[in-house]
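**Student:** Data: work-v2.txt, compact mmCIF, C-alpha atoms.
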```txt
# COMPACT_ATOMS: atom_id res chain seq x y z
CA GLY G 117 4.34 -6.06 1.11
CA ILE G 118 6.68 -4.17 3.35
CA PRO G 119 9.01 -6.49 5.29
CA LEU G 120 8.41 -6.78 9.02
CA THR G 121 10.87 -4.73 11.07
CA HIS G 122 11.33 -2.35 8.10
CA THR G 123 12.34 1.07 9.46
CA VAL G 124 9.79 3.73 8.52
CA ILE G 125 11.32 6.78 10.19
CA THR G 126 13.44 7.75 13.17
CA VAL G 127 12.16 10.52 15.42
CA SER G 128 14.51 12.60 17.51
CA ALA G 129 14.12 14.95 20.46
CA ASN G 130 16.60 17.02 22.45
CA ASP G 131 16.57 17.78 26.17
CA LEU G 132 18.75 20.61 27.48
CA ASP G 133 18.93 19.11 30.98
CA ILE G 134 21.99 17.17 32.09
CA GLY G 135 22.43 13.70 33.55
CA ARG G 136 19.43 11.49 34.19
CA ASN G 137 17.01 14.31 33.42
CA SER G 138 18.27 14.48 29.82
CA ARG G 139 17.70 10.78 29.06
CA ILE G 140 14.79 10.50 26.62
CA VAL G 141 12.42 7.56 26.28
CA TYR G 142 10.30 7.31 23.11
CA SER G 143 6.84 5.74 23.01
CA ILE G 144 3.82 5.45 20.76
CA GLN G 145 0.74 6.47 22.74
CA SER G 146 -1.80 6.10 19.98
CA GLN G 147 -1.85 4.33 16.65
CA LYS G 148 -4.95 5.99 15.23
CA LEU G 149 -6.13 3.80 12.36
CA ALA G 150 -2.88 1.84 12.68
CA GLY G 151 -4.03 -1.24 14.61
CA ASN G 152 -0.67 -1.70 16.36
CA HIS G 153 1.22 -2.12 13.08
CA PHE G 154 4.21 -0.10 14.32
CA TYR G 155 6.84 -0.33 17.06
CA ILE G 156 9.15 2.39 18.35
CA ASP G 157 12.57 1.68 19.82
CA SER G 158 12.37 3.47 23.19
CA VAL G 159 16.06 4.49 23.15
CA PHE G 160 16.73 5.39 19.52
CA GLY G 161 13.26 6.56 18.34
CA THR G 162 13.27 4.23 15.35
CA ILE G 163 9.75 3.40 14.18
CA SER G 164 9.41 0.08 12.39
CA VAL G 165 6.68 -2.12 10.92
CA THR G 166 5.42 -5.01 13.08
CA ALA G 167 2.53 -6.28 10.92
CA GLU G 168 1.70 -6.56 7.23
CA LEU G 169 0.54 -3.30 5.63
CA ASP G 170 -1.75 -3.21 2.59
CA ARG G 171 -2.28 0.03 0.66
CA GLU G 172 -5.64 -1.15 -0.67
CA GLN G 173 -6.96 -1.53 2.90
CA THR G 174 -5.37 1.54 4.53
CA ASP G 175 -3.28 4.14 2.75
CA LEU G 176 -2.48 6.36 5.75
CA TYR G 177 -1.49 5.69 9.35
CA GLU G 178 -1.29 8.29 12.12
CA LEU G 179 0.91 7.71 15.17
CA ILE G 180 1.08 9.90 18.26
CA VAL G 181 4.64 9.68 19.55
CA TYR G 182 5.94 10.93 22.89
CA ALA G 183 9.47 11.79 23.96
CA THR G 184 9.63 11.69 27.76
CA ASP G 185 12.66 12.60 29.85
CA SER G 186 13.78 10.58 32.89
CA GLY G 187 13.46 13.32 35.50
CA GLU G 188 11.83 12.77 38.89
CA ILE G 189 8.88 14.60 37.46
CA PRO G 190 8.98 13.42 33.84
CA LEU G 191 8.36 16.01 31.16
CA SER G 192 7.30 15.06 27.67
CA SER G 193 6.71 16.35 24.20
CA ARG G 194 4.31 15.00 21.58
CA ALA G 195 4.60 14.64 17.82
CA ILE G 196 2.24 13.25 15.21
CA VAL G 197 3.86 10.93 12.68
CA THR G 198 1.85 10.35 9.52
CA VAL G 199 2.80 7.34 7.39
CA HIS G 200 1.60 7.34 3.76
CA LEU G 201 1.84 3.98 2.00
CA LYS G 202 2.92 3.75 -1.63
CA ASP G 203 1.14 1.12 -3.65
CA GLN G 204 2.80 -2.04 -4.90
CA ASN G 205 1.63 -4.27 -7.71
CA ASP G 206 0.34 -6.93 -5.30
CA ASN G 207 -3.10 -7.73 -6.73
CA ARG G 208 -3.83 -9.70 -9.88
CA PRO G 209 -6.41 -8.60 -12.44
CA ILE G 210 -9.80 -10.27 -12.13
CA PHE G 211 -12.22 -10.72 -15.02
CA VAL G 212 -15.64 -9.20 -14.33
CA GLN G 213 -17.29 -12.44 -15.47
CA ASP G 214 -16.01 -16.00 -15.88
CA ASP G 215 -17.14 -16.63 -19.48
CA TYR G 216 -17.55 -14.38 -22.51
CA VAL G 217 -19.46 -15.35 -25.68
CA GLY G 218 -19.03 -13.54 -28.97
CA VAL G 219 -21.34 -13.80 -31.97
CA VAL G 220 -20.44 -12.56 -35.45
CA SER G 221 -21.90 -13.03 -38.95
CA GLU G 222 -19.67 -14.81 -41.43
CA ASN G 223 -19.78 -11.80 -43.77
CA SER G 224 -18.89 -9.19 -41.11
CA ALA G 225 -16.36 -6.53 -42.05
CA ASN G 226 -12.84 -6.56 -40.63
CA GLY G 227 -12.72 -4.70 -37.33
CA THR G 228 -16.23 -5.74 -36.26
CA VAL G 229 -16.39 -6.06 -32.47
CA VAL G 230 -17.18 -9.67 -31.58
CA ALA G 231 -16.94 -9.49 -27.78
CA GLN G 232 -15.74 -7.15 -25.11
CA VAL G 233 -13.93 -8.55 -22.09
CA ASN G 234 -13.35 -6.61 -18.90
CA ALA G 235 -10.98 -7.15 -15.99
CA THR G 236 -10.22 -4.95 -13.00
CA ASP G 237 -7.18 -4.56 -10.80
CA SER G 238 -7.53 -3.09 -7.32
CA ASP G 239 -3.99 -1.67 -7.23
CA VAL G 240 -3.68 2.13 -7.38
CA GLY G 241 -1.98 4.06 -10.18
CA ALA G 242 -1.56 3.42 -13.89
CA GLN G 243 1.73 1.57 -13.41
CA HIS G 244 -0.03 -0.99 -11.16
CA ASN G 245 -3.58 -1.28 -12.48
CA THR G 246 -3.07 -1.38 -16.23
CA VAL G 247 -4.60 -4.57 -17.59
CA ASN G 248 -3.13 -6.13 -20.76
CA TYR G 249 -5.16 -8.60 -22.84
CA TRP G 250 -3.99 -11.37 -25.20
CA ILE G 251 -5.62 -14.14 -27.19
CA LEU G 252 -3.73 -17.20 -26.00
CA SER G 253 -5.38 -19.96 -28.05
CA GLY G 254 -8.05 -20.65 -30.65
CA ASN G 255 -6.87 -17.98 -33.07
CA ASP G 256 -4.46 -20.05 -35.19
CA ALA G 257 -5.54 -18.38 -38.45
CA SER G 258 -5.13 -14.92 -36.84
CA ARG G 259 -8.67 -13.90 -37.77
CA PHE G 260 -9.21 -12.08 -34.50
CA GLU G 261 -7.30 -9.25 -32.90
CA MET G 262 -7.60 -7.58 -29.55
CA ASN G 263 -7.04 -4.14 -28.10
CA VAL G 264 -4.29 -5.25 -25.72
CA GLN G 265 -4.39 -2.57 -23.03
CA THR G 266 -6.94 -0.81 -20.87
CA VAL G 267 -6.07 1.64 -18.09
CA LYS G 268 -8.59 2.17 -15.30
```
Produce structure tokens that represent the structure in this file.
**Tutor:**
Amino acid sequence: GIPLTHTVITVSANDLDIGRNSRIVYSIQSQKLAGNHFYIDSVFGTISVTAELDREQTDLYELIVYATDSGEIPLSSRAIVTVHLKDQNDNRPIFVQDDYVGVVSENSANGTVVAQVNATDSDVGAQHNTVNYWILSGNDASRFEMNVQTVK
């Protein structure tokens, strides 16, 4: 996953006032669908991750960020920061069933399908959810072969 304290983005605002009135304080007022997974540095506007993020659970986070000046009557501006998560290969493939049984006649032609196995991977995108299959044992005479890749 994404390391905690990883910087996602830095927001910036300008205030044309001078002195104390131009000092800006940043805050996150709402973390819609974000569950307090983000922190903003109140001085620099740097938004960072404070909790583990998982693309398979939530792929988009929406933060409502405020820049507020330090005037006697504070004025503020609002921005919406949308964070889209890229997927990582963080889930292993899982077979649909635990055991598979194949039956074949002894006089079957080469290429006869004996069994079909199926596994799924909950990662997103072909580079992360391609499942490769191998026969690891029990095929010493090389009488069986397998289609090694399925993309879902």
**Student:** Between CA of Ile163 (chain G) and CA of His122 (chain G), what distance in Å does the model show, to one decimal?
**Tutor:**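 Result for CA of Ile163 (chain G) versus CA of His122 (chain G): 8.5 Å, one decimal.
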**Student:** Any idea what the distance is between CA of Thr123 (chain G) and CA of Ser238 (chain G)?
**Tutor:**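 Spanning CA of Thr123 (chain G) to CA of Ser238 (chain G) is a straight-line distance of 26.3 Å.
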**Student:** Which of these residues is nearest to Leu179 (chain G), using all atoms listed in the file: G:Ile125, G:Ala231, G:Arg139, G:Glu222?
**Tutor:** G:Ile125
**Student:** Go ahead and compute the interatomic distance for CA of Val233 (chain G) and CA of Arg171 (chain G), in Å to one decimal.
**Tutor:**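 Separation of CA of Val233 (chain G) and CA of Arg171 (chain G): 27.0 Å.
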**Student:** Using only C-alpha atoms, which of G:Asn130, G:Asn223, G:Asn137, G:Thr174 sits nearest Leu201 (chain G)?
**Tutor:**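 For Leu201 (chain G), the nearest of the candidates is G:Thr174.
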**Student:** Within 12 Å of Gly135 (chain G), counting all atoms listed in the file, which residues show up once you throw out same-chain ones fewer than 5 positions away? Write them as a ChimeraX atom specification, please.
**Tutor:** /G:140,185-188
**Student:** Kindly indicate which residue among G:Ile251, G:Val217, G:Val199, G:Ile189 lies nearest to Arg136 (chain G), using only C-alpha atoms for the distances.
**Tutor:**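 Between G:Ile251, G:Val217, G:Val199, G:Ile189, the residue approaching Arg136 (chain G) most closely is G:Ile189.
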**Student:** Please identify all polymer residues within 12 Å of Asn263 (chain G), counting only C-alpha atoms, omitting same-chain residues fewer than 4 positions from it, and present them as a list of chain:residue names.
**Tutor:**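 Close residues of Asn263 (chain G): G:Gly227, G:Val229, G:Ala231, G:Gln232, G:Val233, G:Asn234, G:Val247, G:Asn248, G:Tyr249, G:Trp250, G:Ile251, G:Val267.
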**Student:** Counting all atoms listed in the file, note down every residue that has an atom within 9 Å of the point (-0.3, -5.8, 9.7) (file coordinates), as a list in words.
**Tutor:**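 Applying the cut-off with all atoms listed in the file, one gets Leu120, Ala150, Gly151, Asn152, His153, Phe154, Val165, Thr166, Ala167, Glu168, Leu169 and Asp170 of chain G.
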**Student:** With all atoms listed in the file as the atoms that count, which of G:Val181, G:Ile210, G:Ala257, G:Val124 lies nearest to Asn245 (chain G)?
**Tutor:**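 Checking each of G:Val181, G:Ile210, G:Ala257, G:Val124 against Asn245 (chain G), counting all atoms listed in the file, the winner is G:Ile210.
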**Student:** My list of candidates is G:Gln173, G:Ser128, G:Thr246, G:Thr228. Which is closest to Arg194 (chain G) when distances are computed with only C-alpha atoms?
**Tutor:**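 Result for the nearest residue to Arg194 (chain G): G:Ser128.
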**Student:** Go through G:Ser221, G:Ser158, G:Asn205, G:Ser192 one by one, measure the shortest atom-to-atom distance of each to Val127 (chain G) using only C-alpha atoms, and give the residue with the smallest value.
**Tutor:**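 Closest to Val127 (chain G), using only C-alpha atoms: G:Ser158.
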